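Engineer: Mind looking over this structure? Questions follow.
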Amino acid sequence: YQRRVRGFSSFSMSSLSLLALGLIIAMVAGDAPAAATLQDQVALIEQGTFDNNFFSELESDSLTELQQVGGCILDKVAAIEHERGMQDFPNDLKVDLAACCTKADSKTCIAELSPAYALINEAQVNGSSHELETKALKILKHAAKARLQGAQLSDKAQMMMGGAESQHDDP
């Protein structure tokens, strides 16, 4: 006995289930593979090949564009510290970090954040480690702090920038 549901055979229902599963997997998979370098990834975003996922951790109409970039970088700090970004979604983290460099002072942003992007890339290829995360966080916190001068920051944002002073110290 084969049960029919409003004109769909069990084969059709199975096909629909597989299609739904495929769509869910595609949504979870995230972004297409990011470029090997931050400069190339920023260029791909600016060309429209990738979506610009610019997102600032800070919500305020009074922020300058440079401060918004600092908030974007701070969001990547949160992704690494609280969401295991370098372990669980390094590719999406690279795409999102590149989006931070599509606004104010793009050249300087790319120069400052390229080492962090390379560390995320290394984590993606070889697996993340506490050492890689610590190095990336130092770079990102230092860059965020420099861009957030004069901004009214929440206690949470100030805490996330903690440890930014010693970016250039060797581990």
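Note on naming: chains are A, B, ... as they come in the structure tokens, residues start from 1 per chain, ligands start from 1 in the order shown.
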Give me the residues within 12 Å of Ala143 in chain A as a PDB file with N, CA, C and O atoms, in the first residue's frame, counting only C-alpha atoms and dropping any in the same chain fewer than 5 places off.
Structural biologist:
ATOM      1  N   LEU A  66      35.233  56.113   9.939  1.00  0.00           N
ATOM      2  CA  LEU A  66      36.413  55.438  10.485  1.00  0.00           C
ATOM      3  C   LEU A  66      36.064  54.701  11.780  1.00  0.00           C
ATOM      4  O   LEU A  66      36.516  53.572  12.006  1.00  0.00           O
ATOM      5  N   GLN A  67      35.237  55.305  12.626  1.00  0.00           N
ATOM      6  CA  GLN A  67      34.805  54.648  13.857  1.00  0.00           C
ATOM      7  C   GLN A  67      33.915  53.435  13.547  1.00  0.00           C
ATOM      8  O   GLN A  67      33.988  52.420  14.242  1.00  0.00           O
ATOM      9  N   VAL A  69      34.305  51.537  10.987  1.00  0.00           N
ATOM     10  CA  VAL A  69      35.274  50.505  10.622  1.00  0.00           C
ATOM     11  C   VAL A  69      35.845  49.872  11.896  1.00  0.00           C
ATOM     12  O   VAL A  69      35.985  48.646  11.982  1.00  0.00           O
ATOM     13  N   GLY A  70      36.159  50.694  12.891  1.00  0.00           N
ATOM     14  CA  GLY A  70      36.626  50.168  14.159  1.00  0.00           C
ATOM     15  C   GLY A  70      35.607  49.236  14.788  1.00  0.00           C
ATOM     16  O   GLY A  70      35.956  48.181  15.335  1.00  0.00           O
ATOM     17  N   GLY A  71      34.330  49.596  14.693  1.00  0.00           N
ATOM     18  CA  GLY A  71      33.262  48.737  15.202  1.00  0.00           C
ATOM     19  C   GLY A  71      33.159  47.433  14.429  1.00  0.00           C
ATOM     20  O   GLY A  71      32.883  46.372  15.002  1.00  0.00           O
ATOM     21  N   CYS A  72      33.406  47.499  13.135  1.00  0.00           N
ATOM     22  CA  CYS A  72      33.405  46.295  12.294  1.00  0.00           C
ATOM     23  C   CYS A  72      34.537  45.359  12.722  1.00  0.00           C
ATOM     24  O   CYS A  72      34.341  44.146  12.878  1.00  0.00           O
ATOM     25  N   ILE A  73      35.698  45.922  12.940  1.00  0.00           N
ATOM     26  CA  ILE A  73      36.847  45.123  13.379  1.00  0.00           C
ATOM     27  C   ILE A  73      36.561  44.530  14.757  1.00  0.00           C
ATOM     28  O   ILE A  73      36.858  43.361  15.023  1.00  0.00           O
ATOM     29  N   LEU A  74      35.943  45.315  15.620  1.00  0.00           N
ATOM     30  CA  LEU A  74      35.596  44.842  16.958  1.00  0.00           C
ATOM     31  C   LEU A  74      34.615  43.666  16.888  1.00  0.00           C
ATOM     32  O   LEU A  74      34.691  42.738  17.704  1.00  0.00           O
ATOM     33  N   LYS A  76      34.708  41.380  14.685  1.00  0.00           N
ATOM     34  CA  LYS A  76      35.521  40.194  14.367  1.00  0.00           C
ATOM     35  C   LYS A  76      36.274  39.717  15.608  1.00  0.00           C
ATOM     36  O   LYS A  76      36.492  38.519  15.785  1.00  0.00           O
ATOM     37  N   VAL A  77      36.636  40.654  16.498  1.00  0.00           N
ATOM     38  CA  VAL A  77      37.213  40.283  17.788  1.00  0.00           C
ATOM     39  C   VAL A  77      36.202  39.410  18.543  1.00  0.00           C
ATOM     40  O   VAL A  77      36.549  38.340  19.062  1.00  0.00           O
ATOM     41  N   LEU A  97      35.921  40.046   7.588  1.00  0.00           N
ATOM     42  CA  LEU A  97      37.029  40.948   7.920  1.00  0.00           C
ATOM     43  C   LEU A  97      37.364  41.837   6.720  1.00  0.00           C
ATOM     44  O   LEU A  97      37.584  43.038   6.874  1.00  0.00           O
ATOM     45  N   CYS A 100      35.306  44.903   6.365  1.00  0.00           N
ATOM     46  CA  CYS A 100      35.686  46.037   7.220  1.00  0.00           C
ATOM     47  C   CYS A 100      36.591  47.020   6.479  1.00  0.00           C
ATOM     48  O   CYS A 100      36.625  48.205   6.810  1.00  0.00           O
ATOM     49  N   CYS A 101      37.339  46.542   5.511  1.00  0.00           N
ATOM     50  CA  CYS A 101      38.299  47.388   4.785  1.00  0.00           C
ATOM     51  C   CYS A 101      37.720  47.988   3.507  1.00  0.00           C
ATOM     52  O   CYS A 101      38.471  48.473   2.657  1.00  0.00           O
ATOM     53  N   THR A 108      45.118  51.671   4.315  1.00  0.00           N
ATOM     54  CA  THR A 108      45.708  51.483   5.641  1.00  0.00           C
ATOM     55  C   THR A 108      45.089  50.274   6.330  1.00  0.00           C
ATOM     56  O   THR A 108      45.794  49.480   6.969  1.00  0.00           O
ATOM     57  N   CYS A 109      43.787  50.112   6.191  1.00  0.00           N
ATOM     58  CA  CYS A 109      43.091  48.984   6.788  1.00  0.00           C
ATOM     59  C   CYS A 109      43.663  47.666   6.255  1.00  0.00           C
ATOM     60  O   CYS A 109      43.965  46.750   7.029  1.00  0.00           O
ATOM     61  N   ILE A 110      43.827  47.580   4.953  1.00  0.00           N
ATOM     62  CA  ILE A 110      44.372  46.360   4.338  1.00  0.00           C
ATOM     63  C   ILE A 110      45.789  46.101   4.844  1.00  0.00           C
ATOM     64  O   ILE A 110      46.128  44.972   5.207  1.00  0.00           O
ATOM     65  N   ALA A 111      46.597  47.145   4.905  1.00  0.00           N
ATOM     66  CA  ALA A 111      47.983  46.976   5.375  1.00  0.00           C
ATOM     67  C   ALA A 111      48.020  46.491   6.829  1.00  0.00           C
ATOM     68  O   ALA A 111      48.791  45.592   7.167  1.00  0.00           O
ATOM     69  N   GLU A 112      47.181  47.075   7.678  1.00  0.00           N
ATOM     70  CA  GLU A 112      47.192  46.720   9.099  1.00  0.00           C
ATOM     71  C   GLU A 112      46.584  45.354   9.384  1.00  0.00           C
ATOM     72  O   GLU A 112      47.035  44.648  10.277  1.00  0.00           O
ATOM     73  N   LEU A 113      45.554  44.987   8.632  1.00  0.00           N
ATOM     74  CA  LEU A 113      44.829  43.757   8.944  1.00  0.00           C
ATOM     75  C   LEU A 113      45.283  42.548   8.130  1.00  0.00           C
ATOM     76  O   LEU A 113      44.876  41.419   8.441  1.00  0.00           O
ATOM     77  N   SER A 114      46.129  42.747   7.135  1.00  0.00           N
ATOM     78  CA  SER A 114      46.602  41.607   6.335  1.00  0.00           C
ATOM     79  C   SER A 114      47.272  40.525   7.182  1.00  0.00           C
ATOM     80  O   SER A 114      47.046  39.328   6.944  1.00  0.00           O
ATOM     81  N   PRO A 115      48.087  40.886   8.189  1.00  0.00           N
ATOM     82  CA  PRO A 115      48.662  39.818   9.024  1.00  0.00           C
ATOM     83  C   PRO A 115      47.592  39.003   9.771  1.00  0.00           C
ATOM     84  O   PRO A 115      47.727  37.783   9.907  1.00  0.00           O
ATOM     85  N   ALA A 116      46.534  39.643  10.235  1.00  0.00           N
ATOM     86  CA  ALA A 116      45.454  38.915  10.912  1.00  0.00           C
ATOM     87  C   ALA A 116      44.735  38.001   9.918  1.00  0.00           C
ATOM     88  O   ALA A 116      44.403  36.854  10.237  1.00  0.00           O
ATOM     89  N   ALA A 136      46.159  37.026  16.216  1.00  0.00           N
ATOM     90  CA  ALA A 136      45.143  37.715  15.411  1.00  0.00           C
ATOM     91  C   ALA A 136      44.393  38.740  16.259  1.00  0.00           C
ATOM     92  O   ALA A 136      44.148  39.870  15.818  1.00  0.00           O
ATOM     93  N   LEU A 137      44.041  38.350  17.484  1.00  0.00           N
ATOM     94  CA  LEU A 137      43.310  39.268  18.364  1.00  0.00           C
ATOM     95  C   LEU A 137      44.124  40.511  18.696  1.00  0.00           C
ATOM     96  O   LEU A 137      43.569  41.618  18.742  1.00  0.00           O
ATOM     97  N   LYS A 138      45.412  40.381  18.919  1.00  0.00           N
ATOM     98  CA  LYS A 138      46.257  41.553  19.202  1.00  0.00           C
ATOM     99  C   LYS A 138      46.201  42.546  18.043  1.00  0.00           C
ATOM    100  O   LYS A 138      46.057  43.749  18.244  1.00  0.00           O
ATOM    101  N   LEU A 148      38.728  53.849  16.926  1.00  0.00           N
ATOM    102  CA  LEU A 148      37.621  54.210  17.813  1.00  0.00           C
ATOM    103  C   LEU A 148      37.949  55.361  18.758  1.00  0.00           C
ATOM    104  O   LEU A 148      37.187  55.630  19.690  1.00  0.00           O
ATOM    105  N   GLN A 149      39.048  56.048  18.500  1.00  0.00           N
ATOM    106  CA  GLN A 149      39.399  57.214  19.315  1.00  0.00           C
ATOM    107  C   GLN A 149      38.249  58.214  19.289  1.00  0.00           C
ATOM    108  O   GLN A 149      37.738  58.555  18.232  1.00  0.00           O
ATOM    109  N   MET A 161      38.310  45.496  23.715  1.00  0.00           N
ATOM    110  CA  MET A 161      39.563  46.085  23.225  1.00  0.00           C
ATOM    111  C   MET A 161      40.708  45.898  24.207  1.00  0.00           C
ATOM    112  O   MET A 161      41.836  46.245  23.900  1.00  0.00           O
ATOM    113  N   GLY A 163      43.867  44.674  26.143  1.00  0.00           N
ATOM    114  CA  GLY A 163      45.037  43.959  25.630  1.00  0.00           C
ATOM    115  C   GLY A 163      45.499  44.438  24.275  1.00  0.00           C
ATOM    116  O   GLY A 163      46.313  43.796  23.628  1.00  0.00           O
ATOM    117  N   ALA A 164      44.994  45.579  23.829  1.00  0.00           N
ATOM    118  CA  ALA A 164      45.353  46.066  22.499  1.00  0.00           C
ATOM    119  C   ALA A 164      46.699  46.761  22.461  1.00  0.00           C
ATOM    120  O   ALA A 164      47.276  46.940  21.404  1.00  0.00           O
ATOM    121  N   GLU A 165      47.229  47.119  23.606  1.00  0.00           N
ATOM    122  CA  GLU A 165      48.434  47.964  23.638  1.00  0.00           C
ATOM    123  C   GLU A 165      49.668  47.298  23.043  1.00  0.00           C
ATOM    124  O   GLU A 165      50.522  47.957  22.482  1.00  0.00           O
ATOM    125  N   SER A 166      49.788  45.998  23.169  1.00  0.00           N
ATOM    126  CA  SER A 166      51.066  45.358  22.835  1.00  0.00           C
ATOM    127  C   SER A 166      51.023  44.609  21.515  1.00  0.00           C
ATOM    128  O   SER A 166      51.511  43.489  21.401  1.00  0.00           O
ATOM    129  N   GLN A 167      50.434  45.184  20.480  1.00  0.00           N
ATOM    130  CA  GLN A 167      50.265  44.523  19.206  1.00  0.00           C
ATOM    131  C   GLN A 167      51.573  44.017  18.614  1.00  0.00           C
ATOM    132  O   GLN A 167      51.638  42.952  18.054  1.00  0.00           O
ATOM    133  N   HIS A 168      52.632  44.762  18.734  1.00  0.00           N
ATOM    134  CA  HIS A 168      53.881  44.414  18.050  1.00  0.00           C
ATOM    135  C   HIS A 168      54.843  43.578  18.888  1.00  0.00           C
ATOM    136  O   HIS A 168      55.926  43.262  18.448  1.00  0.00           O
TER     137      HIS A 168
END
Engineer: Step one, run DSSP on the backbone; step two, keep only residues of range 108-170 of chain A assigned to helix (DSSP H, G or I); then write them as a ChimeraX atom specification.
Structural biologist: /A:108-126,130-147,155-160
Engineer: Separation of CA of Arg84 in chain A and CA of Lys141 in chain A, in Å?
Structural biologist: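 That distance, rounded to one decimal, is 16.3 Å.
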Engineer: Which one of A:Thr49, A:Phe54, A:Leu44, A:Asn91 sits closest to Glu122 in chain A if you count only C-alpha atoms?
Structural biologist: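 Nearest to Glu122 in chain A: A:Asn91.
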